[in-house]
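Asker: Structure: start12.pdb, PDB, C-alpha atoms and all ligand atoms.
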ATOM      1  CA  MET C 221     -76.029 122.115  96.471  1.00  0.00           C
ATOM      2  CA  THR C 222     -72.962 119.946  95.904  1.00  0.00           C
ATOM      3  CA  GLU C 223     -73.468 116.251  95.297  1.00  0.00           C
ATOM      4  CA  LYS C 224     -71.993 114.100  98.026  1.00  0.00           C
ATOM      5  CA  ALA C 225     -69.800 111.279  96.812  1.00  0.00           C
ATOM      6  CA  ASP C 226     -70.532 109.046  99.817  1.00  0.00           C
ATOM      7  CA  THR C 227     -71.666 105.588  98.963  1.00  0.00           C
ATOM      8  CA  GLU C 228     -71.887 104.278 102.533  1.00  0.00           C
ATOM      9  CA  PRO C 229     -73.395 105.662 105.714  1.00  0.00           C
ATOM     10  CA  ARG C 230     -70.895 107.015 108.244  1.00  0.00           C
ATOM     11  CA  GLY C 231     -71.283 106.856 112.000  1.00  0.00           C
ATOM     12  CA  ASP C 232     -73.381 104.977 114.545  1.00  0.00           C
ATOM     13  CA  LEU C 233     -76.832 103.752 113.579  1.00  0.00           C
ATOM     14  CA  CYS C 234     -79.191 105.432 116.056  1.00  0.00           C
ATOM     15  CA  ILE C 235     -82.690 104.960 114.607  1.00  0.00           C
ATOM     16  CA  ARG C 236     -84.328 102.922 111.834  1.00  0.00           C
ATOM     17  CA  THR C 237     -87.939 103.276 110.774  1.00  0.00           C
ATOM     18  CA  LEU C 238     -90.323 102.777 107.859  1.00  0.00           C
ATOM     19  CA  ALA C 239     -91.820 105.762 106.002  1.00  0.00           C
ATOM     20  CA  MET C 240     -95.607 105.375 106.267  1.00  0.00           C
ATOM     21  CA  PRO C 241     -98.593 106.953 104.445  1.00  0.00           C
ATOM     22  CA  ALA C 242     -99.350 109.108 107.521  1.00  0.00           C
ATOM     23  CA  ASP C 243     -95.946 110.827 107.053  1.00  0.00           C
ATOM     24  CA  THR C 244     -96.707 112.251 103.591  1.00  0.00           C
ATOM     25  CA  ASN C 245     -97.139 115.850 102.464  1.00  0.00           C
ATOM     26  CA  ALA C 246     -99.863 117.200 100.150  1.00  0.00           C
ATOM     27  CA  ASN C 247     -98.006 115.750  97.133  1.00  0.00           C
ATOM     28  CA  GLY C 248     -98.021 112.253  98.581  1.00  0.00           C
ATOM     29  CA  ASP C 249     -94.237 112.275  99.196  1.00  0.00           C
ATOM     30  CA  ILE C 250     -92.666 111.998 102.623  1.00  0.00           C
ATOM     31  CA  PHE C 251     -92.828 115.292 104.530  1.00  0.00           C
ATOM     32  CA  GLY C 252     -89.429 116.912 105.206  1.00  0.00           C
ATOM     33  CA  GLY C 253     -90.469 117.720 108.773  1.00  0.00           C
ATOM     34  CA  TRP C 254     -91.029 114.042 109.499  1.00  0.00           C
ATOM     35  CA  LEU C 255     -87.514 113.236 108.293  1.00  0.00           C
ATOM     36  CA  LEU C 256     -86.042 116.077 110.318  1.00  0.00           C
ATOM     37  CA  SER C 257     -87.826 114.838 113.440  1.00  0.00           C
ATOM     38  CA  GLN C 258     -86.476 111.302 112.943  1.00  0.00           C
ATOM     39  CA  MET C 259     -82.981 112.794 112.733  1.00  0.00           C
ATOM     40  CA  ASP C 260     -83.575 114.867 115.864  1.00  0.00           C
ATOM     41  CA  VAL C 261     -84.804 111.839 117.823  1.00  0.00           C
ATOM     42  CA  GLY C 262     -81.837 109.732 116.682  1.00  0.00           C
ATOM     43  CA  GLY C 263     -79.360 112.536 117.369  1.00  0.00           C
ATOM     44  CA  GLY C 264     -80.901 113.115 120.804  1.00  0.00           C
ATOM     45  CA  VAL C 265     -80.440 109.450 121.708  1.00  0.00           C
ATOM     46  CA  PHE C 266     -76.818 109.619 120.530  1.00  0.00           C
ATOM     47  CA  ALA C 267     -76.106 112.924 122.340  1.00  0.00           C
ATOM     48  CA  SER C 268     -77.658 111.759 125.624  1.00  0.00           C
ATOM     49  CA  LYS C 269     -75.585 108.601 125.510  1.00  0.00           C
ATOM     50  CA  ALA C 270     -72.401 110.583 124.776  1.00  0.00           C
ATOM     51  CA  ALA C 271     -73.088 113.215 127.457  1.00  0.00           C
ATOM     52  CA  LYS C 272     -74.535 110.726 129.964  1.00  0.00           C
ATOM     53  CA  SER C 273     -77.402 113.105 130.715  1.00  0.00           C
ATOM     54  CA  ARG C 274     -80.647 114.487 129.367  1.00  0.00           C
ATOM     55  CA  THR C 275     -80.107 116.752 126.368  1.00  0.00           C
ATOM     56  CA  VAL C 276     -82.209 119.224 124.398  1.00  0.00           C
ATOM     57  CA  THR C 277     -81.819 120.387 120.822  1.00  0.00           C
ATOM     58  CA  VAL C 278     -80.599 123.984 120.650  1.00  0.00           C
ATOM     59  CA  ALA C 279     -79.770 124.378 116.939  1.00  0.00           C
ATOM     60  CA  ILE C 280     -79.933 122.689 113.544  1.00  0.00           C
ATOM     61  CA  GLU C 281     -77.503 123.832 110.846  1.00  0.00           C
ATOM     62  CA  ALA C 282     -76.392 122.964 107.342  1.00  0.00           C
ATOM     63  CA  MET C 283     -79.454 120.841 106.688  1.00  0.00           C
ATOM     64  CA  ASN C 284     -79.564 119.363 103.181  1.00  0.00           C
ATOM     65  CA  PHE C 285     -82.549 117.589 101.654  1.00  0.00           C
ATOM     66  CA  ARG C 286     -80.840 115.701  98.828  1.00  0.00           C
ATOM     67  CA  LYS C 287     -83.386 113.149  97.594  1.00  0.00           C
ATOM     68  CA  ALA C 288     -87.109 112.532  98.018  1.00  0.00           C
ATOM     69  CA  VAL C 289     -88.292 109.773 100.367  1.00  0.00           C
ATOM     70  CA  TYR C 290     -91.361 107.692  99.477  1.00  0.00           C
ATOM     71  CA  VAL C 291     -93.799 105.551 101.416  1.00  0.00           C
ATOM     72  CA  GLY C 292     -92.241 102.155 102.071  1.00  0.00           C
ATOM     73  CA  ASP C 293     -88.637 103.416 102.190  1.00  0.00           C
ATOM     74  CA  LEU C 294     -86.641 102.098 105.147  1.00  0.00           C
ATOM     75  CA  VAL C 295     -84.993 105.149 106.741  1.00  0.00           C
ATOM     76  CA  SER C 296     -81.849 104.826 108.881  1.00  0.00           C
ATOM     77  CA  VAL C 297     -80.186 107.677 110.777  1.00  0.00           C
ATOM     78  CA  TYR C 298     -76.446 107.644 111.518  1.00  0.00           C
ATOM     79  CA  ALA C 299     -74.609 109.925 113.953  1.00  0.00           C
ATOM     80  CA  ASN C 300     -71.048 111.228 114.264  1.00  0.00           C
ATOM     81  CA  LEU C 301     -69.826 113.459 117.077  1.00  0.00           C
ATOM     82  CA  VAL C 302     -68.165 116.494 115.482  1.00  0.00           C
ATOM     83  CA  ARG C 303     -67.725 118.979 118.337  1.00  0.00           C
ATOM     84  CA  VAL C 304     -67.852 119.039 122.118  1.00  0.00           C
ATOM     85  CA  GLY C 305     -68.183 122.361 123.949  1.00  0.00           C
ATOM     86  CA  ARG C 306     -68.612 123.053 127.648  1.00  0.00           C
ATOM     87  CA  THR C 307     -72.296 122.149 127.825  1.00  0.00           C
ATOM     88  CA  SER C 308     -73.082 121.357 124.183  1.00  0.00           C
ATOM     89  CA  LEU C 309     -72.309 118.697 121.602  1.00  0.00           C
ATOM     90  CA  THR C 310     -72.670 118.943 117.837  1.00  0.00           C
ATOM     91  CA  VAL C 311     -73.607 115.775 116.016  1.00  0.00           C
ATOM     92  CA  HIS C 312     -73.476 115.276 112.254  1.00  0.00           C
ATOM     93  CA  LEU C 313     -76.533 113.262 111.257  1.00  0.00           C
ATOM     94  CA  GLU C 314     -77.161 111.458 107.994  1.00  0.00           C
ATOM     95  CA  ALA C 315     -80.438 109.813 106.957  1.00  0.00           C
ATOM     96  CA  TRP C 316     -80.218 107.022 104.375  1.00  0.00           C
ATOM     97  CA  ALA C 317     -83.153 105.396 102.605  1.00  0.00           C
ATOM     98  CA  LEU C 318     -83.435 101.868 101.279  1.00  0.00           C
ATOM     99  CA  ARG C 319     -86.159 101.514  98.646  1.00  0.00           C
ATOM    100  CA  ARG C 320     -88.198  98.345  98.314  1.00  0.00           C
ATOM    101  CA  GLY C 321     -86.620  95.938  95.872  1.00  0.00           C
ATOM    102  CA  GLU C 322     -83.293  97.805  95.860  1.00  0.00           C
ATOM    103  CA  GLU C 323     -80.002  96.590  97.330  1.00  0.00           C
ATOM    104  CA  HIS C 324     -78.200  99.805  98.204  1.00  0.00           C
ATOM    105  CA  PRO C 325     -79.383 102.630 100.461  1.00  0.00           C
ATOM    106  CA  PHE C 326     -78.829 106.252  99.401  1.00  0.00           C
ATOM    107  CA  LEU C 327     -78.203 109.463 101.310  1.00  0.00           C
ATOM    108  CA  VAL C 328     -81.381 111.561 101.593  1.00  0.00           C
ATOM    109  CA  THR C 329     -80.603 114.223 104.208  1.00  0.00           C
ATOM    110  CA  ASP C 330     -77.776 115.390 106.416  1.00  0.00           C
ATOM    111  CA  GLY C 331     -77.140 118.194 108.872  1.00  0.00           C
ATOM    112  CA  ASN C 332     -75.452 119.297 112.071  1.00  0.00           C
ATOM    113  CA  PHE C 333     -77.587 119.149 115.204  1.00  0.00           C
ATOM    114  CA  THR C 334     -76.406 120.758 118.458  1.00  0.00           C
ATOM    115  CA  TYR C 335     -77.639 119.412 121.777  1.00  0.00           C
ATOM    116  CA  VAL C 336     -77.168 120.881 125.263  1.00  0.00           C
ATOM    117  CA  SER C 337     -76.649 118.712 128.323  1.00  0.00           C
ATOM    118  CA  ILE C 338     -79.198 119.761 130.958  1.00  0.00           C
ATOM    119  CA  ASP C 339     -79.738 119.085 134.659  1.00  0.00           C
ATOM    120  CA  GLU C 340     -82.995 118.109 136.370  1.00  0.00           C
ATOM    121  CA  HIS C 341     -84.162 121.748 136.235  1.00  0.00           C
ATOM    122  CA  GLY C 342     -83.553 122.039 132.479  1.00  0.00           C
ATOM    123  CA  ARG C 343     -80.461 124.228 132.987  1.00  0.00           C
ATOM    124  CA  PRO C 344     -77.288 123.722 130.925  1.00  0.00           C
ATOM    125  CA  GLN C 345     -74.642 121.673 132.712  1.00  0.00           C
ATOM    126  CA  ALA C 346     -71.078 120.737 131.800  1.00  0.00           C
ATOM    127  CA  VAL C 347     -70.864 117.651 129.614  1.00  0.00           C
ATOM    128  CA  ARG C 348     -69.689 114.760 131.732  1.00  0.00           C
ATOM    129  CA  SER C 349     -68.648 111.601 130.030  1.00  0.00           C
ATOM    130  CA  THR C 350     -66.383 108.662 130.600  1.00  0.00           C
ATOM    131  CA  ASP C 351     -65.645 108.650 126.870  1.00  0.00           C
ATOM    132  CA  PRO C 352     -62.001 109.843 126.549  1.00  0.00           C
ATOM    133  CA  SER C 353     -62.849 111.560 123.256  1.00  0.00           C
ATOM    134  CA  ILE C 354     -65.142 113.858 125.250  1.00  0.00           C
ATOM    135  CA  ALA C 355     -62.719 115.786 127.466  1.00  0.00           C
ATOM    136  CA  THR C 356     -64.315 118.427 129.676  1.00  0.00           C
TER     137      THR C 356
HETATM  138  C1  LIG I   1     -85.481 116.497 121.035  1.00  0.00           C
HETATM  139  C2  LIG I   1     -85.660 117.778 121.799  1.00  0.00           C
HETATM  140  O1  LIG I   1     -84.834 118.123 122.570  1.00  0.00           O
HETATM  141  S1  LIG I   1     -87.021 118.735 121.467  1.00  0.00           S
HETATM  142  C3  LIG I   1     -86.846 120.172 122.439  1.00  0.00           C
HETATM  143  C4  LIG I   1     -86.407 121.297 121.638  1.00  0.00           C
HETATM  144  N1  LIG I   1     -85.449 122.079 122.351  1.00  0.00           N
HETATM  145  C5  LIG I   1     -85.774 122.822 123.426  1.00  0.00           C
HETATM  146  O2  LIG I   1     -86.875 122.873 123.944  1.00  0.00           O
HETATM  147  C6  LIG I   1     -84.651 123.670 123.980  1.00  0.00           C
HETATM  148  C7  LIG I   1     -85.141 125.065 124.372  1.00  0.00           C
HETATM  149  N2  LIG I   1     -84.012 125.875 124.781  1.00  0.00           N
HETATM  150  C8  LIG I   1     -83.550 125.863 126.057  1.00  0.00           C
HETATM  151  O3  LIG I   1     -84.116 125.242 126.946  1.00  0.00           O
HETATM  152  C9  LIG I   1     -82.304 126.678 126.349  1.00  0.00           C
HETATM  153  O4  LIG I   1     -82.069 127.593 125.287  1.00  0.00           O
HETATM  154  C10 LIG I   1     -81.055 125.753 126.501  1.00  0.00           C
HETATM  155  C11 LIG I   1     -81.169 124.916 127.772  1.00  0.00           C
HETATM  156  C12 LIG I   1     -80.877 124.830 125.292  1.00  0.00           C
HETATM  157  C13 LIG I   1     -79.793 126.625 126.557  1.00  0.00           C
HETATM  158  O5  LIG I   1     -79.969 127.524 127.600  1.00  0.00           O
HETATM  159  P1  LIG I   1     -79.146 128.929 127.617  1.00  0.00           P
HETATM  160  O6  LIG I   1     -79.423 129.605 128.887  1.00  0.00           O
HETATM  161  O7  LIG I   1     -79.417 129.631 126.328  1.00  0.00           O
HETATM  162  O8  LIG I   1     -77.671 128.389 127.670  1.00  0.00           O
HETATM  163  P2  LIG I   1     -76.302 129.003 127.148  1.00  0.00           P
HETATM  164  O9  LIG I   1     -76.435 130.342 126.514  1.00  0.00           O
HETATM  165  O10 LIG I   1     -75.361 128.842 128.300  1.00  0.00           O
HETATM  166  O11 LIG I   1     -75.895 127.968 125.983  1.00  0.00           O
HETATM  167  C14 LIG I   1     -75.671 126.617 126.291  1.00  0.00           C
HETATM  168  C15 LIG I   1     -74.855 126.018 125.169  1.00  0.00           C
HETATM  169  O12 LIG I   1     -75.628 126.049 123.977  1.00  0.00           O
HETATM  170  C16 LIG I   1     -74.871 126.660 122.932  1.00  0.00           C
HETATM  171  N3  LIG I   1     -75.795 127.359 122.057  1.00  0.00           N
HETATM  172  C17 LIG I   1     -76.754 128.233 122.411  1.00  0.00           C
HETATM  173  N4  LIG I   1     -77.407 128.656 121.304  1.00  0.00           N
HETATM  174  C18 LIG I   1     -76.822 128.031 120.249  1.00  0.00           C
HETATM  175  C19 LIG I   1     -77.039 128.057 118.842  1.00  0.00           C
HETATM  176  N5  LIG I   1     -78.003 128.801 118.286  1.00  0.00           N
HETATM  177  N6  LIG I   1     -76.247 127.283 118.065  1.00  0.00           N
HETATM  178  C20 LIG I   1     -75.283 126.509 118.584  1.00  0.00           C
HETATM  179  N7  LIG I   1     -75.023 126.441 119.927  1.00  0.00           N
HETATM  180  C21 LIG I   1     -75.797 127.199 120.729  1.00  0.00           C
HETATM  181  C22 LIG I   1     -73.935 127.622 123.661  1.00  0.00           C
HETATM  182  O13 LIG I   1     -72.822 127.938 122.846  1.00  0.00           O
HETATM  183  C23 LIG I   1     -73.564 126.775 124.863  1.00  0.00           C
HETATM  184  O14 LIG I   1     -72.618 125.791 124.479  1.00  0.00           O
HETATM  185  P3  LIG I   1     -71.207 125.555 125.271  1.00  0.00           P
HETATM  186  O15 LIG I   1     -71.491 125.554 126.754  1.00  0.00           O
HETATM  187  O16 LIG I   1     -70.741 124.212 124.832  1.00  0.00           O
HETATM  188  O17 LIG I   1     -70.297 126.660 124.872  1.00  0.00           O
END
Once more with this new file: its structure as structure tokens, please.
Answerer:
Amino acid sequence: MTEKADTEPRGDLCIRTLAMPADTNANGDIFGGWLLSQMDVGGGVFASKAAKSRTVTVAIEAMNFRKAVYVGDLVSVYANLVRVGRTSLTVHLEAWALRRGEEHPFLVTDGNFTYVSIDEHGRPQAVRSTDPSIAT
């Protein structure tokens, strides 16, 4: 895995939460699945706002777990739109942790999450947005 040189989060802040004891794995560290679910929730909020519709997660790619997260870390998820298809959007998500007593957050995970815009029956529908960067 290549080390990312980023020193600052990129994108829109979409969720911020505190890692709690209930989120730990058998080793007492924060469970990767918990982190992934925070990213999915944040990315879903971002994708629904961008598509102006309900969305569902269809794929997660290029997921990197770069650093461990511990109880008490403040976890923030940032989103960037990287691709818009006919019915789907791909969002690059980064999770950053701020440790108690420290000044600077650090990148803990990142990945590309693809969401599909769906209608009231759960069927894919064309992305419709007033955002000019999302041409359909
Ligand atoms: C936060 C949460 O959402 S939790 C819920 C977890 N997710 C779910 O329950 C979703 C379950 N899956 C589904 O309901 C269906 O598979 C749907 C609605 C996502 C897609 O339905 P399908 O009939 O497969 O649709 P279809 O084949 O037309 O694909 C729709 C879009 O998804 C894209 N897609 C499908 N599979 C993938 C994949 N593995 N990777 C990337 N994109 C994909 C297609 O390319 C298409 O995008 P485009 O229109 O922009 O070109």
Asker: Do a neighbour search on Arg286 of chain C at 8 Å with only C-alpha atoms, toss out local chain neighbours closer than 3 positions, and write the hits as a list in words.
Answerer: Leu327, Val328 and Thr329 of chain C
Asker: Check what the PyMOL selection byres (((chain C and resi 257-268) around 7) and not hetatm) selects in the file above and give those residues as a ChimeraX atom specification.
Answerer: /C:234-235,253-256,269-275,297,299,309,311,313,315,335
Asker: Using only C-alpha atoms and all ligand atoms, can you tell me which of C:Asp243, C:Glu323, C:Glu281, C:Asp232 comes closest to ligand LIG 1 (chain I)?
Answerer: C:Glu281
Asker: Against ligand LIG 1 (chain I), which residues of chain C fall within 8 Å? For each one I want the closest pair of atoms and the distance in Å (one decimal), counting all atoms listed in the file, rows by chain and increasing residue number, as JSON lines.
Answerer:
{"residue": "C:Asp260", "atom": "CA", "partner": "I:LIG1", "partner_atom": "C1", "distance": 5.7}
{"residue": "C:Val261", "atom": "CA", "partner": "I:LIG1", "partner_atom": "C1", "distance": 5.7}
{"residue": "C:Gly264", "atom": "CA", "partner": "I:LIG1", "partner_atom": "C1", "distance": 5.7}
{"residue": "C:Thr275", "atom": "CA", "partner": "I:LIG1", "partner_atom": "O1", "distance": 6.2}
{"residue": "C:Val276", "atom": "CA", "partner": "I:LIG1", "partner_atom": "O1", "distance": 3.4}
{"residue": "C:Thr277", "atom": "CA", "partner": "I:LIG1", "partner_atom": "O1", "distance": 4.2}
{"residue": "C:Val278", "atom": "CA", "partner": "I:LIG1", "partner_atom": "C12", "distance": 4.7}
{"residue": "C:Ala279", "atom": "CA", "partner": "I:LIG1", "partner_atom": "N6", "distance": 4.7}
{"residue": "C:Ile280", "atom": "CA", "partner": "I:LIG1", "partner_atom": "N6", "distance": 7.4}
{"residue": "C:Val304", "atom": "CA", "partner": "I:LIG1", "partner_atom": "O16", "distance": 6.5}
{"residue": "C:Gly305", "atom": "CA", "partner": "I:LIG1", "partner_atom": "O16", "distance": 3.3}
{"residue": "C:Arg306", "atom": "CA", "partner": "I:LIG1", "partner_atom": "O16", "distance": 3.7}
{"residue": "C:Thr307", "atom": "CA", "partner": "I:LIG1", "partner_atom": "O15", "distance": 3.7}
{"residue": "C:Ser308", "atom": "CA", "partner": "I:LIG1", "partner_atom": "O16", "distance": 3.7}
{"residue": "C:Leu309", "atom": "CA", "partner": "I:LIG1", "partner_atom": "O16", "distance": 6.6}
{"residue": "C:Thr334", "atom": "CA", "partner": "I:LIG1", "partner_atom": "C20", "distance": 5.9}
{"residue": "C:Tyr335", "atom": "CA", "partner": "I:LIG1", "partner_atom": "C12", "distance": 7.2}
{"residue": "C:Val336", "atom": "CA", "partner": "I:LIG1", "partner_atom": "C12", "distance": 5.4}
{"residue": "C:Ser337", "atom": "CA", "partner": "I:LIG1", "partner_atom": "C11", "distance": 7.7}
{"residue": "C:Ile338", "atom": "CA", "partner": "I:LIG1", "partner_atom": "C11", "distance": 6.4}
{"residue": "C:Gly342", "atom": "CA", "partner": "I:LIG1", "partner_atom": "C11", "distance": 6.0}
{"residue": "C:Arg343", "atom": "CA", "partner": "I:LIG1", "partner_atom": "C11", "distance": 5.3}
{"residue": "C:Pro344", "atom": "CA", "partner": "I:LIG1", "partner_atom": "C11", "distance": 5.1}
{"residue": "C:Gln345", "atom": "CA", "partner": "I:LIG1", "partner_atom": "O15", "distance": 7.8}
{"residue": "C:Ala346", "atom": "CA", "partner": "I:LIG1", "partner_atom": "O15", "distance": 7.0}
Asker: Using C-alpha atoms, can you write the selected residues to a file as a tab-separated table (two decimals), in the frame of the given file?
Answerer:
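New file out05.tsv:
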chain	number	residue	atom	x	y	z
C	260	ASP	CA	-83.58	114.87	115.86
C	261	VAL	CA	-84.80	111.84	117.82
C	264	GLY	CA	-80.90	113.12	120.80
C	275	THR	CA	-80.11	116.75	126.37
C	276	VAL	CA	-82.21	119.22	124.40
C	277	THR	CA	-81.82	120.39	120.82
C	278	VAL	CA	-80.60	123.98	120.65
C	279	ALA	CA	-79.77	124.38	116.94
C	280	ILE	CA	-79.93	122.69	113.54
C	304	VAL	CA	-67.85	119.04	122.12
C	305	GLY	CA	-68.18	122.36	123.95
C	306	ARG	CA	-68.61	123.05	127.65
C	307	THR	CA	-72.30	122.15	127.82
C	308	SER	CA	-73.08	121.36	124.18
C	309	LEU	CA	-72.31	118.70	121.60
C	334	THR	CA	-76.41	120.76	118.46
C	335	TYR	CA	-77.64	119.41	121.78
C	336	VAL	CA	-77.17	120.88	125.26
C	337	SER	CA	-76.65	118.71	128.32
C	338	ILE	CA	-79.20	119.76	130.96
C	342	GLY	CA	-83.55	122.04	132.48
C	343	ARG	CA	-80.46	124.23	132.99
C	344	PRO	CA	-77.29	123.72	130.93
C	345	GLN	CA	-74.64	121.67	132.71
C	346	ALA	CA	-71.08	120.74	131.80
Asker: What does the distance from atom CA of Tyr298 of chain C to atom CA of Arg230 of chain C come to in Å, to one decimal?
Answerer: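 Separation of atom CA of Tyr298 of chain C and atom CA of Arg230 of chain C: 6.5 Å.
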Asker: Report, as AutoDock Vina command-line options, the centre and edge lengths in Å (one decimal) of the axis-aligned box enclosing every listed atom of segment 310-329 of chain C, padded by 5 Å on each side.
Answerer:
--center_x -80.4 --center_y 107.4 --center_z 106.8 --size_x 25.5 --size_y 33.0 --size_z 32.0
Asker: Using all atoms listed in the file, find the one residue out of C:Asp293, C:Ala317, C:Ser349, C:Met283 that sits nearest to Phe333 of chain C.
Answerer: C:Met283
Asker: What is the distance between atom CA of Ala239 of chain C and atom CA of Asp330 of chain C, in Å to one decimal?
Answerer: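 About the pair atom CA of Ala239 of chain C and atom CA of Asp330 of chain C: they are 17.0 Å apart.
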Asker: Mind giving me the straight-line distance from atom CA of Arg236 of chain C to atom CA of Glu314 of chain C in Å, one decimal?
Answerer: 11.8 Å
Asker: As a ChimeraX atom specification, please: the residues near Asn247 of chain C (cut-off 12 Å, only C-alpha atoms, same-chain neighbours under 2 positions excluded).
Answerer: /C:241,243-245,249-252,288-291
Asker: For Glu228 of chain C, find every residue with an atom within 10 Å (counting only C-alpha atoms), except residues of its own chain fewer than 4 positions away, and show them as a ChimeraX atom specification.
Answerer: /C:316,324-327
Asker: When you count all atoms listed in the file, which of these residues is closest to Glu322 of chain C: C:Leu294, C:Ala282, C:Val347, C:Leu301?
Answerer: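 When distances to Glu322 of chain C are compared using all atoms listed in the file, the smallest one comes from C:Leu294.
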Asker: May I ask you to restore N, CA, C and O atoms in segment 321-338 of chain C and write the result as an mmCIF file, in the coordinates of the input?
Answerer:
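After the write, selection.cif holds the following:
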data_model
loop_
_atom_site.group_PDB
_atom_site.id
_atom_site.type_symbol
_atom_site.label_atom_id
_atom_site.label_comp_id
_atom_site.auth_asym_id
_atom_site.auth_seq_id
_atom_site.Cartn_x
_atom_site.Cartn_y
_atom_site.Cartn_z
ATOM 1 N N GLY C 321 -87.114 96.593 97.080
ATOM 2 C CA GLY C 321 -86.620 95.938 95.872
ATOM 3 C C GLY C 321 -85.214 96.366 95.474
ATOM 4 O O GLY C 321 -84.659 95.829 94.519
ATOM 5 N N GLU C 322 -84.651 97.363 96.193
ATOM 6 C CA GLU C 322 -83.293 97.805 95.860
ATOM 7 C C GLU C 322 -82.302 97.258 96.879
ATOM 8 O O GLU C 322 -82.665 96.935 98.004
ATOM 9 N N GLU C 323 -81.029 97.185 96.468
ATOM 10 C CA GLU C 323 -80.002 96.590 97.330
ATOM 11 C C GLU C 323 -79.238 97.615 98.141
ATOM 12 O O GLU C 323 -78.763 97.329 99.229
ATOM 13 N N HIS C 324 -79.091 98.832 97.569
ATOM 14 C CA HIS C 324 -78.200 99.805 98.204
ATOM 15 C C HIS C 324 -78.984 101.014 98.703
ATOM 16 O O HIS C 324 -79.756 101.614 97.946
ATOM 17 N N PRO C 325 -78.742 101.410 99.964
ATOM 18 C CA PRO C 325 -79.383 102.630 100.461
ATOM 19 C C PRO C 325 -78.716 103.865 99.865
ATOM 20 O O PRO C 325 -77.592 103.784 99.354
ATOM 21 N N PHE C 326 -79.396 104.996 99.911
ATOM 22 C CA PHE C 326 -78.829 106.252 99.401
ATOM 23 C C PHE C 326 -79.083 107.359 100.411
ATOM 24 O O PHE C 326 -80.041 107.324 101.179
ATOM 25 N N LEU C 327 -78.141 108.341 100.365
ATOM 26 C CA LEU C 327 -78.203 109.463 101.310
ATOM 27 C C LEU C 327 -79.364 110.388 100.940
ATOM 28 O O LEU C 327 -79.444 110.847 99.802
ATOM 29 N N VAL C 328 -80.262 110.664 101.901
ATOM 30 C CA VAL C 328 -81.381 111.561 101.593
ATOM 31 C C VAL C 328 -81.266 112.926 102.282
ATOM 32 O O VAL C 328 -81.620 113.944 101.694
ATOM 33 N N THR C 329 -80.776 112.941 103.515
ATOM 34 C CA THR C 329 -80.603 114.223 104.208
ATOM 35 C C THR C 329 -79.374 114.154 105.105
ATOM 36 O O THR C 329 -78.986 113.077 105.558
ATOM 37 N N ASP C 330 -78.800 115.318 105.385
ATOM 38 C CA ASP C 330 -77.776 115.390 106.416
ATOM 39 C C ASP C 330 -77.765 116.798 107.001
ATOM 40 O O ASP C 330 -78.285 117.736 106.395
ATOM 41 N N GLY C 331 -77.196 116.900 108.200
ATOM 42 C CA GLY C 331 -77.140 118.194 108.872
ATOM 43 C C GLY C 331 -76.428 118.077 110.198
ATOM 44 O O GLY C 331 -76.143 116.969 110.670
ATOM 45 N N ASN C 332 -76.125 119.245 110.771
ATOM 46 C CA ASN C 332 -75.452 119.297 112.071
ATOM 47 C C ASN C 332 -76.453 119.731 113.134
ATOM 48 O O ASN C 332 -77.028 120.814 113.039
ATOM 49 N N PHE C 333 -76.635 118.883 114.131
ATOM 50 C CA PHE C 333 -77.587 119.149 115.204
ATOM 51 C C PHE C 333 -76.789 119.382 116.488
ATOM 52 O O PHE C 333 -75.911 118.579 116.826
ATOM 53 N N THR C 334 -77.096 120.481 117.186
ATOM 54 C CA THR C 334 -76.406 120.758 118.458
ATOM 55 C C THR C 334 -77.366 120.524 119.624
ATOM 56 O O THR C 334 -78.509 120.988 119.606
ATOM 57 N N TYR C 335 -76.867 119.769 120.581
ATOM 58 C CA TYR C 335 -77.639 119.412 121.777
ATOM 59 C C TYR C 335 -76.935 119.975 122.999
ATOM 60 O O TYR C 335 -75.702 120.047 123.042
ATOM 61 N N VAL C 336 -77.728 120.371 124.007
ATOM 62 C CA VAL C 336 -77.168 120.881 125.263
ATOM 63 C C VAL C 336 -77.488 119.887 126.381
ATOM 64 O O VAL C 336 -78.640 119.441 126.521
ATOM 65 N N SER C 337 -76.466 119.568 127.156
ATOM 66 C CA SER C 337 -76.649 118.712 128.323
ATOM 67 C C SER C 337 -77.363 119.534 129.400
ATOM 68 O O SER C 337 -76.947 120.664 129.695
ATOM 69 N N ILE C 338 -78.442 118.990 129.948
ATOM 70 C CA ILE C 338 -79.198 119.761 130.958
ATOM 71 C C ILE C 338 -79.348 118.960 132.256
ATOM 72 O O ILE C 338 -79.334 117.730 132.253
#
